[in-house]
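Undergrad: Following this line is input_6.txt, made up of compact mmCIF, C-alpha atoms:
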```
# COMPACT_ATOMS: atom_id res chain seq x y z
CA MET N 1 187.13 -57.71 -87.49
CA GLY N 2 189.85 -59.16 -89.74
CA TYR N 3 192.90 -57.56 -91.27
CA PRO N 4 192.42 -54.11 -92.85
CA SER N 5 191.55 -53.86 -96.53
CA GLU N 6 193.46 -51.82 -99.11
CA GLN N 7 190.85 -49.07 -98.76
CA GLU N 8 191.17 -49.02 -94.96
CA ILE N 9 194.98 -48.85 -95.24
CA TYR N 10 194.72 -46.00 -97.74
CA ASP N 11 192.25 -44.16 -95.48
CA LEU N 12 194.61 -44.53 -92.52
CA PHE N 13 197.75 -43.35 -94.31
CA ILE N 14 196.03 -40.41 -96.01
CA ASN N 15 195.86 -38.87 -92.51
CA LEU N 16 199.60 -38.20 -92.84
CA GLN N 17 198.79 -35.31 -95.21
CA ASP N 18 197.65 -33.19 -92.26
CA TRP N 19 200.31 -32.15 -89.70
CA PRO N 20 199.91 -32.51 -86.75
CA LYS N 21 196.24 -33.56 -86.36
CA GLY N 22 196.23 -36.25 -89.03
CA HIS N 23 199.51 -37.64 -87.75
CA SER N 24 197.92 -38.06 -84.31
CA ILE N 25 194.98 -39.92 -85.87
CA PHE N 26 197.44 -42.17 -87.70
CA PHE N 27 199.48 -43.00 -84.57
CA ASP N 28 196.31 -43.73 -82.59
CA GLN N 29 196.03 -46.85 -84.78
CA ALA N 30 199.44 -48.16 -83.70
CA LEU N 31 199.90 -50.36 -80.66
CA GLU N 32 202.17 -48.87 -78.01
CA LYS N 33 204.29 -52.02 -78.23
CA SER N 34 204.58 -51.70 -82.03
CA THR N 35 208.13 -51.77 -83.35
CA TRP N 36 209.46 -49.16 -85.80
CA THR N 37 212.60 -49.35 -87.92
CA LEU N 38 214.10 -46.61 -90.08
CA THR N 39 216.32 -48.43 -92.52
CA GLY N 40 219.37 -47.11 -94.31
CA HIS N 41 222.76 -45.62 -93.66
CA HIS N 42 222.11 -42.18 -92.25
CA PRO N 43 222.30 -40.63 -88.77
CA PHE N 44 218.58 -41.21 -88.14
CA SER N 45 218.40 -44.92 -89.03
CA ARG N 46 217.71 -47.25 -86.13
CA ALA N 47 215.14 -49.57 -84.57
CA PHE N 48 212.66 -48.40 -81.95
CA PRO N 49 211.13 -50.85 -79.45
CA CYS N 50 207.77 -49.07 -79.19
CA LYS N 51 205.59 -46.35 -80.68
CA SER N 52 206.39 -43.72 -78.04
CA ALA N 53 210.15 -44.19 -78.50
CA PHE N 54 209.77 -43.70 -82.27
CA GLN N 55 207.60 -40.61 -81.79
CA GLU N 56 209.82 -38.98 -79.17
CA TRP N 57 213.20 -39.73 -80.74
CA ASN N 58 212.29 -39.42 -84.41
CA TRP N 59 208.83 -38.26 -85.46
CA LYS N 60 208.34 -35.19 -83.27
CA PRO N 61 211.89 -33.77 -83.50
CA HIS N 62 211.99 -34.25 -87.26
CA GLY N 63 208.52 -32.78 -87.65
CA ALA N 64 209.85 -29.68 -85.89
CA MET N 65 212.51 -29.29 -88.59
CA PHE N 66 209.92 -28.37 -91.21
CA ALA N 67 208.32 -25.02 -91.96
CA PRO N 68 204.52 -24.73 -91.75
CA PRO N 69 202.36 -26.47 -92.67
CA GLY N 70 204.79 -29.25 -91.66
CA PRO N 71 205.51 -32.65 -93.15
CA CYS N 72 202.97 -33.66 -95.78
CA PHE N 73 202.80 -37.26 -96.98
CA ILE N 74 200.73 -38.42 -99.92
CA VAL N 75 199.80 -41.82 -101.26
CA PRO N 76 200.88 -41.00 -104.82
CA ASN N 77 198.95 -43.59 -106.79
CA GLY N 78 195.90 -44.01 -104.59
CA LEU N 79 194.95 -47.63 -103.99
CA GLU N 80 197.60 -48.71 -106.51
CA SER N 81 200.18 -47.65 -103.88
CA VAL N 82 198.82 -50.17 -101.38
CA VAL N 83 199.60 -53.90 -101.40
CA CYS N 84 197.90 -56.08 -98.78
CA GLY N 85 198.67 -59.69 -97.93
CA SER N 86 196.11 -62.01 -96.40
CA ASN N 87 198.04 -62.12 -93.11
CA GLY N 88 198.05 -58.41 -92.18
CA LYS N 89 201.24 -57.60 -94.04
CA VAL N 90 201.09 -54.37 -96.02
CA ALA N 91 203.44 -52.41 -98.25
CA ILE N 92 202.55 -48.83 -99.09
CA GLU N 93 204.28 -46.22 -101.21
CA LEU N 94 204.36 -42.75 -99.66
CA ARG N 95 205.87 -39.47 -100.76
CA MET N 96 206.59 -36.40 -98.72
CA VAL N 97 205.72 -33.38 -100.85
CA ASN N 98 205.60 -29.60 -100.47
CA THR N 99 207.78 -29.89 -97.39
CA VAL N 100 210.55 -27.37 -96.70
CA THR N 101 212.95 -27.16 -93.78
CA LYS N 102 212.51 -24.22 -91.38
CA CYS N 103 215.92 -22.60 -91.31
CA ALA N 104 217.85 -23.80 -94.36
CA ARG N 105 214.69 -23.65 -96.54
CA LEU N 106 215.61 -26.91 -98.29
CA SER N 107 213.03 -29.01 -100.10
CA TYR N 108 212.47 -32.40 -98.52
CA ASP N 109 210.47 -34.22 -101.16
CA GLN N 110 211.17 -37.80 -100.14
CA GLN N 111 210.00 -41.22 -101.37
CA TYR N 112 209.16 -44.02 -98.97
CA SER N 113 208.12 -47.63 -98.90
CA TRP N 114 206.55 -48.58 -95.57
CA HIS N 115 206.27 -52.30 -94.82
CA CYS N 116 203.78 -52.86 -92.02
CA LYS N 117 202.21 -55.67 -90.07
CA PHE N 118 198.67 -55.15 -88.80
CA THR N 119 196.76 -57.11 -86.17
CA GLU N 120 193.38 -58.63 -86.98
CA GLU N 121 191.89 -55.71 -85.05
CA GLY N 122 193.43 -53.29 -87.57
CA LYS N 123 196.18 -51.95 -85.31
CA ILE N 124 199.76 -51.40 -86.46
CA GLU N 125 202.07 -54.00 -84.94
CA SER N 126 205.34 -53.25 -86.77
CA VAL N 127 206.72 -50.86 -89.40
CA ARG N 128 209.90 -50.86 -91.49
CA ILE N 129 210.45 -47.60 -93.35
CA TYR N 130 212.63 -47.56 -96.47
CA LEU N 131 213.73 -44.18 -97.84
CA ASP N 132 216.42 -42.32 -99.76
CA SER N 133 219.22 -42.36 -97.17
CA MET N 134 221.45 -39.84 -98.97
CA HIS N 135 218.64 -37.29 -99.31
CA THR N 136 217.74 -37.74 -95.64
CA ARG N 137 221.32 -37.32 -94.53
CA ASP N 138 222.01 -34.31 -96.74
CA VAL N 139 218.85 -32.31 -96.04
CA LEU N 140 218.14 -33.12 -92.40
CA HIS N 141 221.79 -32.91 -91.34
CA CYS N 142 222.03 -29.46 -92.96
CA GLU N 143 218.78 -28.36 -91.29
CA LYS N 144 219.91 -29.64 -87.89
CA ALA N 145 223.12 -27.60 -88.22
CA ALA N 146 221.14 -24.52 -89.31
CA GLN N 147 218.80 -24.83 -86.30
CA GLU N 148 221.71 -25.23 -83.89
CA GLY N 149 223.35 -22.08 -85.30
CA PRO N 150 226.94 -21.40 -86.25
CA LEU N 151 229.65 -22.47 -83.87
CA GLU N 152 231.06 -19.60 -81.90
CA ALA N 153 234.51 -18.63 -83.05
CA MET N 154 237.20 -19.75 -80.64
CA SER N 155 238.92 -16.86 -78.96
CA MET N 156 242.70 -16.83 -78.78
CA ASP N 157 242.71 -14.31 -75.89
```
Written as structure tokens, how would this file's structure read?

TA:
Amino acid sequence: MGYPSEQEIYDLFINLQDWPKGHSIFFDQALEKSTWTLTGHHPFSRAFPCKSAFQEWNWKPHGAMFAPPGPCFIVPNGLESVVCGSNGKVAIELRMVNTVTKCARLSYDQQYSWHCKFTEEGKIESVRIYLDSMHTRDVLHCEKAAQEGPLEAMSMD
């Protein structure tokens, strides 16, 4: 089959516009043993040893932080946002747009650079996600606090 082309990469990532169905289609193209790393200095940055760990610890809980229609990613410059190497290495620019948190109603328009390695069969083998750490920390931390509710006042009785 060979490594995926720029068009095939674009077609795969464009699925991330549609929550949750398109996201499922996207993750179906990742090997279970694929590694995922969220880079940066924020509470959500870490490495995940496999796809299911990334989905359960990061993707699904964070997806639940957003108001309908959910997280919407775009490939802002079409094929110009995709760079493919001859060895299955890919860099793609993504943006999250029109995405608002459920409780705090904060905009989460985020910019990303995903650096991926694909197998010759076109499956995702590894992903490193670069993003605006401060924006992530500020918005998602505030939303997490809003979803957990205010702390109960301590009684002095």

Undergrad: Can you tell me which residues surround Met65 (chain N) at a distance of at most 6 Å, considering only C-alpha atoms, apart from same-chain residues fewer than 3 positions away, and format the answer as a ChimeraX atom specification?

TA: /N:62,101-102

Undergrad: Which is closest to His115 (chain N) among N:Met1, N:Ile14, N:Met96, N:Ile9, if we use all atoms listed in the file?

TA: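 Answer, going by the shortest atom-to-atom distance: N:Ile9.
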
Undergrad: May I ask for the distance between CA of Ile74 (chain N) and CA of Asp109 (chain N), given in Å to one decimal place?

TA: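 Between CA of Ile74 (chain N) and CA of Asp109 (chain N) the gap is 10.7 Å.
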
Undergrad: Dig up all the protein and nucleic acid residues within 12 Å of (195.2, -45.8, -107.4) in the file frame, using only C-alpha atoms, and format them as a compact mmCIF listing (two decimals) with C-alpha atoms, in the coordinates of the input.

TA:
```txt
# COMPACT_ATOMS: atom_id res chain seq x y z
CA GLU N 6 193.46 -51.82 -99.11
CA GLN N 7 190.85 -49.07 -98.76
CA TYR N 10 194.72 -46.00 -97.74
CA ILE N 74 200.73 -38.42 -99.92
CA VAL N 75 199.80 -41.82 -101.26
CA PRO N 76 200.88 -41.00 -104.82
CA ASN N 77 198.95 -43.59 -106.79
CA GLY N 78 195.90 -44.01 -104.59
CA LEU N 79 194.95 -47.63 -103.99
CA GLU N 80 197.60 -48.71 -106.51
CA SER N 81 200.18 -47.65 -103.88
CA VAL N 82 198.82 -50.17 -101.38
CA VAL N 83 199.60 -53.90 -101.40
CA ILE N 92 202.55 -48.83 -99.09
CA GLU N 93 204.28 -46.22 -101.21
```

Undergrad: Looking at all atoms listed in the file, which of N:Lys51, N:Cys72, N:Pro20, N:Tyr108 is the one that sits closest to Arg137 (chain N)?

TA: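 When distances to Arg137 (chain N) are compared using all atoms listed in the file, the smallest one comes from N:Tyr108.
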
Undergrad: Tell me which of N:Glu143, N:Asp11, N:Asp132, N:Glu148 sits closest to Leu38 (chain N), counting only C-alpha atoms.

TA: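 Distance minimum relative to Leu38 (chain N) lands on N:Asp132.
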
Undergrad: Extract, using only C-alpha atoms, all DNA, RNA and protein residues at most 9 Å from Ala53 (chain N), discarding same-chain residues fewer than 5 positions from it, and format them as a list in words.

TA: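 In the requested format, the answer is Trp36, Phe48 and Asn58 of chain N.
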
Undergrad: May I have the selected residues written with C-alpha atoms, as an mmCIF file, keeping the file's coordinate frame?

TA:
```
data_model
loop_
_atom_site.group_PDB
_atom_site.id
_atom_site.type_symbol
_atom_site.label_atom_id
_atom_site.label_comp_id
_atom_site.auth_asym_id
_atom_site.auth_seq_id
_atom_site.Cartn_x
_atom_site.Cartn_y
_atom_site.Cartn_z
ATOM 1 C CA TRP N 36 209.460 -49.160 -85.800
ATOM 2 C CA PHE N 48 212.660 -48.400 -81.950
ATOM 3 C CA ASN N 58 212.290 -39.420 -84.410
#
```

Undergrad: For Lys123 (chain N), which residue among N:Pro49, N:Pro71, N:Gly88, N:Gly149 is the nearest when counting only C-alpha atoms?

TA: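 Between N:Pro49, N:Pro71, N:Gly88, N:Gly149, the residue approaching Lys123 (chain N) most closely is N:Gly88.
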
Undergrad: Rank N:Ile124, N:Ala30, N:Cys116, N:Ala67 by their smallest atom-to-atom distance to Val90 (chain N), using all atoms listed in the file, and report the top residue only.

TA: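 Using all atoms listed in the file, Val90 (chain N) sits closest to N:Cys116.
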
Undergrad: How far is it from CA of Phe118 (chain N) to CA of Asn98 (chain N), in Å with one decimal?

TA: 28.9 Å

Undergrad: Pick out the closest residue to Pro4 (chain N) from this set: N:Gln55, N:Gln17, N:Asn87, N:Thr39. Count all atoms listed in the file.

TA: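 That would be N:Asn87, the residue with the smallest distance to Pro4 (chain N).
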
Undergrad: Rounded to one decimal, what separation in Å do you get between CA of Trp114 (chain N) and CA of Pro69 (chain N)?

TA: 22.7 Å

Undergrad: Within 6 Å of (210.5, -41.6, -100.0), in the coordinates the file gives, what residues turn up when you count all atoms listed in the file, written out as a tab-separated table (two decimals) with C-alpha atoms, in the frame of the given file?

TA:
```tsv
chain	number	residue	atom	x	y	z
N	95	ARG	CA	205.87	-39.47	-100.76
N	110	GLN	CA	211.17	-37.80	-100.14
N	111	GLN	CA	210.00	-41.22	-101.37
N	112	TYR	CA	209.16	-44.02	-98.97
N	131	LEU	CA	213.73	-44.18	-97.84
N	132	ASP	CA	216.42	-42.32	-99.76
```

Undergrad: Please provide the set of residues having any atom within 9 Å of Ala104 (chain N), restricted to only C-alpha atoms, with same-chain residues fewer than 5 positions apart removed, written as an MDAnalysis selection string.

TA: chainID N and resid 139 142:147
